[in-house]
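Asker: My structure is in entry_22.pdb, and what it holds is PDB, C-alpha atoms:
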ATOM      1  CA  MET A   1      44.484 -28.014 -63.315
ATOM      2  CA  LEU A   2      47.084 -29.794 -61.257
ATOM      3  CA  VAL A   3      47.076 -29.327 -57.494
ATOM      4  CA  LYS A   4      49.826 -30.736 -55.313
ATOM      5  CA  THR A   5      49.667 -31.230 -51.562
ATOM      6  CA  LYS A   6      52.272 -32.652 -49.226
ATOM      7  CA  ARG A   7      51.395 -36.224 -50.256
ATOM      8  CA  LEU A   8      48.859 -36.028 -53.071
ATOM      9  CA  THR A   9      48.284 -34.731 -56.567
ATOM     10  CA  LEU A  10      44.822 -33.748 -57.817
ATOM     11  CA  GLU A  11      44.117 -33.757 -61.544
ATOM     12  CA  PRO A  12      40.976 -33.604 -63.681
ATOM     13  CA  TYR A  13      39.024 -36.861 -63.338
ATOM     14  CA  GLY A  14      38.376 -38.617 -66.604
ATOM     15  CA  THR A  15      38.496 -41.749 -68.722
ATOM     16  CA  LYS A  16      42.206 -42.315 -68.082
ATOM     17  CA  HIS A  17      41.207 -43.170 -64.483
ATOM     18  CA  TYR A  18      38.727 -45.827 -65.594
ATOM     19  CA  ASP A  19      40.513 -48.992 -64.426
ATOM     20  CA  THR A  20      41.016 -47.770 -60.878
ATOM     21  CA  ALA A  21      37.695 -45.881 -60.683
ATOM     22  CA  VAL A  22      35.921 -49.176 -61.366
ATOM     23  CA  ILE A  23      37.663 -50.741 -58.353
ATOM     24  CA  TYR A  24      36.193 -48.380 -55.776
ATOM     25  CA  SER A  25      33.013 -47.151 -57.459
ATOM     26  CA  THR A  26      31.550 -50.623 -58.015
ATOM     27  CA  ASP A  27      32.611 -52.038 -54.626
ATOM     28  CA  PRO A  28      29.619 -52.386 -52.256
ATOM     29  CA  GLU A  29      31.794 -52.169 -49.134
ATOM     30  CA  ASN A  30      33.593 -49.055 -50.384
ATOM     31  CA  THR A  31      30.305 -47.297 -51.199
ATOM     32  CA  LYS A  32      27.811 -48.614 -48.651
ATOM     33  CA  MET A  33      27.036 -45.158 -47.189
ATOM     34  CA  MET A  34      26.733 -43.311 -50.497
ATOM     35  CA  CYS A  35      23.621 -42.103 -52.313
ATOM     36  CA  PHE A  36      24.819 -42.456 -55.915
ATOM     37  CA  LEU A  37      27.229 -45.370 -55.647
ATOM     38  CA  PRO A  38      28.018 -48.169 -56.190
ATOM     39  CA  CYS A  39      27.786 -48.011 -59.939
ATOM     40  CA  ASP A  40      25.724 -50.835 -61.385
ATOM     41  CA  SER A  41      28.155 -51.515 -64.225
ATOM     42  CA  LYS A  42      31.544 -50.660 -65.673
ATOM     43  CA  GLU A  43      29.676 -48.816 -68.428
ATOM     44  CA  GLU A  44      28.106 -46.518 -65.826
ATOM     45  CA  VAL A  45      31.602 -45.697 -64.531
ATOM     46  CA  MET A  46      32.834 -44.847 -68.042
ATOM     47  CA  GLU A  47      29.765 -42.704 -68.771
ATOM     48  CA  TYR A  48      30.359 -40.680 -65.597
ATOM     49  CA  LEU A  49      34.063 -40.218 -66.370
ATOM     50  CA  ARG A  50      33.159 -38.898 -69.838
ATOM     51  CA  LYS A  51      30.737 -36.425 -68.258
ATOM     52  CA  CYS A  52      33.505 -35.281 -65.901
ATOM     53  CA  GLU A  53      35.803 -34.577 -68.856
ATOM     54  CA  ILE A  54      33.097 -32.430 -70.472
ATOM     55  CA  GLN A  55      32.651 -30.386 -67.287
ATOM     56  CA  TRP A  56      36.395 -29.664 -67.080
ATOM     57  CA  LYS A  57      36.207 -28.064 -70.552
ATOM     58  CA  LYS A  58      33.453 -25.619 -69.583
ATOM     59  CA  GLU A  59      34.103 -22.053 -68.493
ATOM     60  CA  LYS A  60      31.328 -22.383 -65.901
ATOM     61  CA  PRO A  61      31.024 -26.058 -65.001
ATOM     62  CA  ALA A  62      28.087 -27.459 -63.027
ATOM     63  CA  TYR A  63      30.490 -29.644 -61.075
ATOM     64  CA  LEU A  64      34.103 -30.758 -61.087
ATOM     65  CA  ASP A  65      35.678 -34.013 -59.996
ATOM     66  CA  ALA A  66      39.407 -34.425 -59.418
ATOM     67  CA  ALA A  67      41.280 -37.705 -59.286
ATOM     68  CA  ILE A  68      43.347 -38.160 -56.140
ATOM     69  CA  LEU A  69      46.809 -39.555 -56.852
ATOM     70  CA  LEU A  70      49.251 -40.895 -54.276
ATOM     71  CA  ASP A  71      52.744 -41.344 -55.727
ATOM     72  CA  GLY A  72      51.105 -41.358 -59.170
ATOM     73  CA  ARG A  73      48.586 -44.045 -58.191
ATOM     74  CA  HIS A  74      44.878 -43.178 -58.469
ATOM     75  CA  ILE A  75      43.267 -43.835 -55.053
ATOM     76  CA  GLY A  76      40.036 -41.839 -55.142
ATOM     77  CA  ALA A  77      38.256 -38.665 -56.154
ATOM     78  CA  VAL A  78      37.081 -35.385 -54.698
ATOM     79  CA  SER A  79      34.257 -33.308 -56.139
ATOM     80  CA  ALA A  80      32.483 -29.990 -55.923
ATOM     81  CA  GLU A  81      29.020 -29.406 -57.328
ATOM     82  CA  PHE A  82      28.402 -25.696 -57.860
ATOM     83  CA  LEU A  83      25.031 -24.659 -56.437
ATOM     84  CA  GLU A  84      23.098 -21.395 -56.049
ATOM     85  CA  ASN A  85      24.373 -19.812 -59.279
ATOM     86  CA  GLY A  86      27.900 -21.038 -58.620
ATOM     87  CA  THR A  87      28.280 -19.426 -55.211
ATOM     88  CA  VAL A  88      28.171 -22.602 -53.103
ATOM     89  CA  GLY A  89      30.309 -25.698 -53.487
ATOM     90  CA  GLU A  90      28.913 -29.031 -52.328
ATOM     91  CA  LEU A  91      31.876 -31.255 -51.544
ATOM     92  CA  GLY A  92      32.134 -34.990 -51.871
ATOM     93  CA  TRP A  93      34.943 -37.539 -51.782
ATOM     94  CA  ILE A  94      35.666 -41.226 -52.109
ATOM     95  CA  ILE A  95      38.838 -43.088 -51.242
ATOM     96  CA  GLN A  96      39.593 -46.669 -52.239
ATOM     97  CA  LYS A  97      39.109 -48.697 -49.049
ATOM     98  CA  ASN A  98      42.731 -49.927 -49.000
ATOM     99  CA  PHE A  99      43.715 -46.301 -48.321
ATOM    100  CA  TRP A 100      41.138 -45.421 -45.646
ATOM    101  CA  GLY A 101      42.287 -43.931 -42.363
ATOM    102  CA  SER A 102      45.342 -42.039 -43.622
ATOM    103  CA  GLY A 103      43.856 -38.546 -43.936
ATOM    104  CA  TYR A 104      43.797 -38.535 -47.737
ATOM    105  CA  ALA A 105      40.136 -37.466 -47.996
ATOM    106  CA  TYR A 106      40.772 -34.456 -45.771
ATOM    107  CA  GLU A 107      43.981 -33.501 -47.576
ATOM    108  CA  ALA A 108      42.329 -33.751 -50.991
ATOM    109  CA  ALA A 109      39.136 -31.933 -49.971
ATOM    110  CA  ASP A 110      41.098 -29.125 -48.320
ATOM    111  CA  ALA A 111      43.239 -28.620 -51.430
ATOM    112  CA  PHE A 112      40.213 -28.825 -53.754
ATOM    113  CA  MET A 113      38.323 -26.237 -51.695
ATOM    114  CA  GLU A 114      41.322 -23.925 -51.963
ATOM    115  CA  TYR A 115      41.418 -24.474 -55.738
ATOM    116  CA  CYS A 116      37.659 -23.834 -56.153
ATOM    117  CA  THR A 117      37.830 -20.712 -53.989
ATOM    118  CA  ARG A 118      40.743 -19.324 -56.004
ATOM    119  CA  LYS A 119      39.453 -20.339 -59.459
ATOM    120  CA  PHE A 120      35.684 -19.830 -59.059
ATOM    121  CA  GLY A 121      35.336 -17.545 -56.036
ATOM    122  CA  ILE A 122      33.406 -20.094 -53.989
ATOM    123  CA  ARG A 123      32.945 -18.711 -50.483
ATOM    124  CA  LYS A 124      30.541 -21.228 -48.975
ATOM    125  CA  TYR A 125      30.932 -24.989 -48.846
ATOM    126  CA  ILE A 126      28.511 -27.670 -47.732
ATOM    127  CA  ALA A 127      28.796 -31.429 -47.393
ATOM    128  CA  HIS A 128      26.313 -34.194 -46.623
ATOM    129  CA  ALA A 129      26.934 -37.632 -45.154
ATOM    130  CA  ASP A 130      25.092 -40.586 -43.772
ATOM    131  CA  SER A 131      24.737 -39.852 -40.060
ATOM    132  CA  GLU A 132      26.579 -43.093 -39.292
ATOM    133  CA  ASN A 133      29.546 -42.272 -41.532
ATOM    134  CA  ALA A 134      31.923 -41.233 -38.753
ATOM    135  CA  ALA A 135      34.919 -40.968 -41.103
ATOM    136  CA  SER A 136      33.233 -38.419 -43.385
ATOM    137  CA  ILE A 137      31.936 -36.472 -40.405
ATOM    138  CA  ARG A 138      35.515 -36.272 -39.080
ATOM    139  CA  VAL A 139      36.687 -34.997 -42.487
ATOM    140  CA  MET A 140      34.010 -32.275 -42.495
ATOM    141  CA  GLU A 141      34.908 -31.181 -38.978
ATOM    142  CA  LYS A 142      38.651 -31.200 -39.706
ATOM    143  CA  LEU A 143      37.969 -29.004 -42.751
ATOM    144  CA  GLY A 144      36.420 -26.485 -40.341
ATOM    145  CA  MET A 145      32.839 -27.173 -41.334
ATOM    146  CA  LYS A 146      30.154 -26.774 -38.709
ATOM    147  CA  PHE A 147      27.168 -29.017 -38.098
ATOM    148  CA  VAL A 148      23.940 -27.538 -39.463
ATOM    149  CA  SER A 149      21.291 -30.245 -39.285
ATOM    150  CA  VAL A 150      20.321 -33.869 -39.302
ATOM    151  CA  THR A 151      17.358 -34.937 -41.410
ATOM    152  CA  ASP A 152      15.456 -38.134 -42.126
ATOM    153  CA  GLY A 153      14.918 -39.586 -45.559
ATOM    154  CA  ARG A 154      18.434 -40.249 -46.876
ATOM    155  CA  LYS A 155      18.455 -43.152 -49.339
ATOM    156  CA  ASN A 156      21.782 -44.872 -49.834
ATOM    157  CA  ARG A 157      21.892 -46.703 -53.137
ATOM    158  CA  LEU A 158      22.577 -50.139 -51.625
ATOM    159  CA  SER A 159      19.891 -49.970 -48.974
ATOM    160  CA  ASP A 160      16.131 -50.168 -49.083
ATOM    161  CA  GLU A 161      15.968 -48.418 -45.728
ATOM    162  CA  LEU A 162      15.870 -44.684 -45.216
ATOM    163  CA  CYS A 163      18.435 -43.307 -42.818
ATOM    164  CA  LYS A 164      19.509 -39.970 -41.385
ATOM    165  CA  GLU A 165      21.729 -37.449 -43.134
ATOM    166  CA  VAL A 166      23.936 -34.773 -41.611
ATOM    167  CA  LEU A 167      24.647 -31.421 -43.224
ATOM    168  CA  TYR A 168      27.774 -29.400 -42.494
ATOM    169  CA  GLU A 169      28.815 -26.043 -43.919
ATOM    170  CA  MET A 170      31.474 -23.363 -43.759
ATOM    171  CA  GLN A 171      31.996 -19.820 -44.988
ATOM    172  CA  ILE A 172      35.349 -18.667 -46.349
ATOM    173  CA  VAL A 173      36.107 -15.144 -45.120
TER     174      VAL A 173
END
Could I get this structure in the form of structure tokens?
Answerer:
Amino acid sequence: MLVKTKRLTLEPYGTKHYDTAVIYSTDPENTKMMCFLPCDSKEEVMEYLRKCEIQWKKEKPAYLDAAILLDGRHIGAVSAEFLENGTVGELGWIIQKNFWGSGYAYEAADAFMEYCTRKFGIRKYIAHADSENAASIRVMEKLGMKFVSVTDGRKNRLSDELCKEVLYEMQIV
């Protein structure tokens, strides 16, 4: 898999992305509104990258993560977890903070949705975000996703407090 957009290239996420994945996935500022990040150690990053490589080799993966490259430089990742017997894709993304605000998350997520729809027939996408994560909410809305709900009980990994979570979704027709 290699997907090219106007500015980006998406490729299977794996151990070759380790050095740059460590930069953003262990950074508390970069991950403060995320449930599963920051990683506690460099070893945790490597373990996840190995799991990603295994998923890319499966005919029916449980999830896929793609590295986001800008001019050949790894700046983040986009993912889809396949839910409901592989009929729903739950999207996620992370961009290294030095590259925030340039539309890369939207561009990558849009291209990855197109890839997952074409390759796996995904027709429904959902995404969750901390209710205070305005940037991710803008990405979801720009993708054409519609607000579904806001719920209590979200636990971001860096916080002891529970916060609110928004859910957006879209159907591909």
Asker: The PyMOL selection byres ((chain A and resi 28) around 12) on the file shown: which residues, as a ChimeraX atom specification?
Answerer: /A:22-27,29-40,96-97,156-159
Asker: Tell me, as a ChimeraX atom specification, which residues lie within 8 Å of Gly89 in chain A, counting all atoms listed in the file; anything in the same chain fewer than 5 positions away does not count.
Answerer: /A:80-83,122,124-126
Asker: Would you mind listing what lies within 8 Å of Lys146 in chain A as number ranges by chain, with only C-alpha atoms counted and same-chain residues fewer than 2 positions away left out?
Answerer: A: 140-141, 144, 148, 168-170
Asker: May I have the residues within 8 Å of Leu8 in chain A as a list in words, using all atoms listed in the file and disregarding those fewer than 5 positions away in the same chain?
Answerer: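 My reading of the contact set: Ile68, Leu69, Leu70, Asp71, Tyr104, Glu107 and Ala108 of chain A.
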Asker: Those same residues, written as a short mmCIF file (atom, residue, chain, number, x, y, z; two decimals), in the coordinates of the input with C-alpha atoms?
Answerer:
data_model
loop_
_atom_site.label_atom_id
_atom_site.label_comp_id
_atom_site.auth_asym_id
_atom_site.auth_seq_id
_atom_site.Cartn_x
_atom_site.Cartn_y
_atom_site.Cartn_z
CA ILE A 68 43.35 -38.16 -56.14
CA LEU A 69 46.81 -39.56 -56.85
CA LEU A 70 49.25 -40.90 -54.28
CA ASP A 71 52.74 -41.34 -55.73
CA TYR A 104 43.80 -38.53 -47.74
CA GLU A 107 43.98 -33.50 -47.58
CA ALA A 108 42.33 -33.75 -50.99
#
Asker: Report the centre and edge lengths, in Å to one decimal, of an axis-aligned box enclosing every atom of range 103-106 of chain A listed in the file, padded by 8 Å on each side, as AutoDock Vina command-line options.
Answerer:
--center_x 42.0 --center_y -36.5 --center_z -46.0 --size_x 19.7 --size_y 20.1 --size_z 20.1
Asker: Taking the file as shown, find all residues satisfying the PyMOL selection byres ((chain A and resi 60-67) around 7) and write them as a list of chain:residue names.
Answerer: A:Leu10, A:Glu11, A:Pro12, A:Tyr13, A:Cys52, A:Gln55, A:Trp56, A:Lys58, A:Glu59, A:Ile68, A:Leu69, A:His74, A:Gly76, A:Ala77, A:Val78, A:Ser79, A:Ala80, A:Glu81, A:Phe82
Asker: Is there a way to get, as a ChimeraX atom specification, all residues within 12 Å of the point (35.3, -48.3, -67.0) in file coordinates, counting all atoms listed in the file?
Answerer: /A:14-26,39-50
Asker: For Ala134 in chain A, which of A:Glu90, A:Glu165, A:Asp152, A:Asp160 is the closest residue, counting all atoms listed in the file?
Answerer: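 Result for the nearest residue to Ala134 in chain A: A:Glu165.
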Asker: Measure the distance from CA of Glu132 in chain A to CA of Lys155 in chain A in Å and round it to one decimal.
Answerer: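 So the two atoms, CA of Glu132 in chain A and CA of Lys155 in chain A, lie 12.9 Å apart.
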Asker: Between A:Thr87, A:Ser136, A:Thr5, A:Ser131, which has the minimum distance to Ile172 in chain A (counting only C-alpha atoms)?
Answerer: A:Thr87
Asker: Which of these residues is nearest to Met1 in chain A, using all atoms listed in the file: A:Ile94, A:Cys116, A:Val88, A:Leu143?
Answerer: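 Comparing A:Ile94, A:Cys116, A:Val88, A:Leu143 against Met1 in chain A, the winner is A:Cys116.
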Asker: Enter the distance from CA of Ala109 in chain A to CA of Lys142 in chain A, in Å, rounded to one decimal.
Answerer: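 According to the coordinates, CA of Ala109 in chain A and CA of Lys142 in chain A are separated by 10.3 Å.
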Asker: Within 8 Å of (23.9, -31.6, -36.0), in the coordinates the file gives, what residues turn up when you count only C-alpha atoms, written out as a JSON list (two decimals) with C-alpha atoms, keeping the file's coordinate frame?
Answerer:
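Now in point.json:
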[["chain", "number", "residue", "atom", "x", "y", "z"],
["A", 147, "PHE", "CA", 27.17, -29.02, -38.10],
["A", 148, "VAL", "CA", 23.94, -27.54, -39.46],
["A", 149, "SER", "CA", 21.29, -30.24, -39.28],
["A", 150, "VAL", "CA", 20.32, -33.87, -39.30],
["A", 166, "VAL", "CA", 23.94, -34.77, -41.61],
["A", 167, "LEU", "CA", 24.65, -31.42, -43.22],
["A", 168, "TYR", "CA", 27.77, -29.40, -42.49]]
Asker: With only C-alpha atoms as the basis for distance, which of A:Gln171, A:Thr9, A:Asn98, A:Thr117 is at the shortest distance from Met145 in chain A?
Answerer: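 Selected residue with least distance to Met145 in chain A: A:Gln171.
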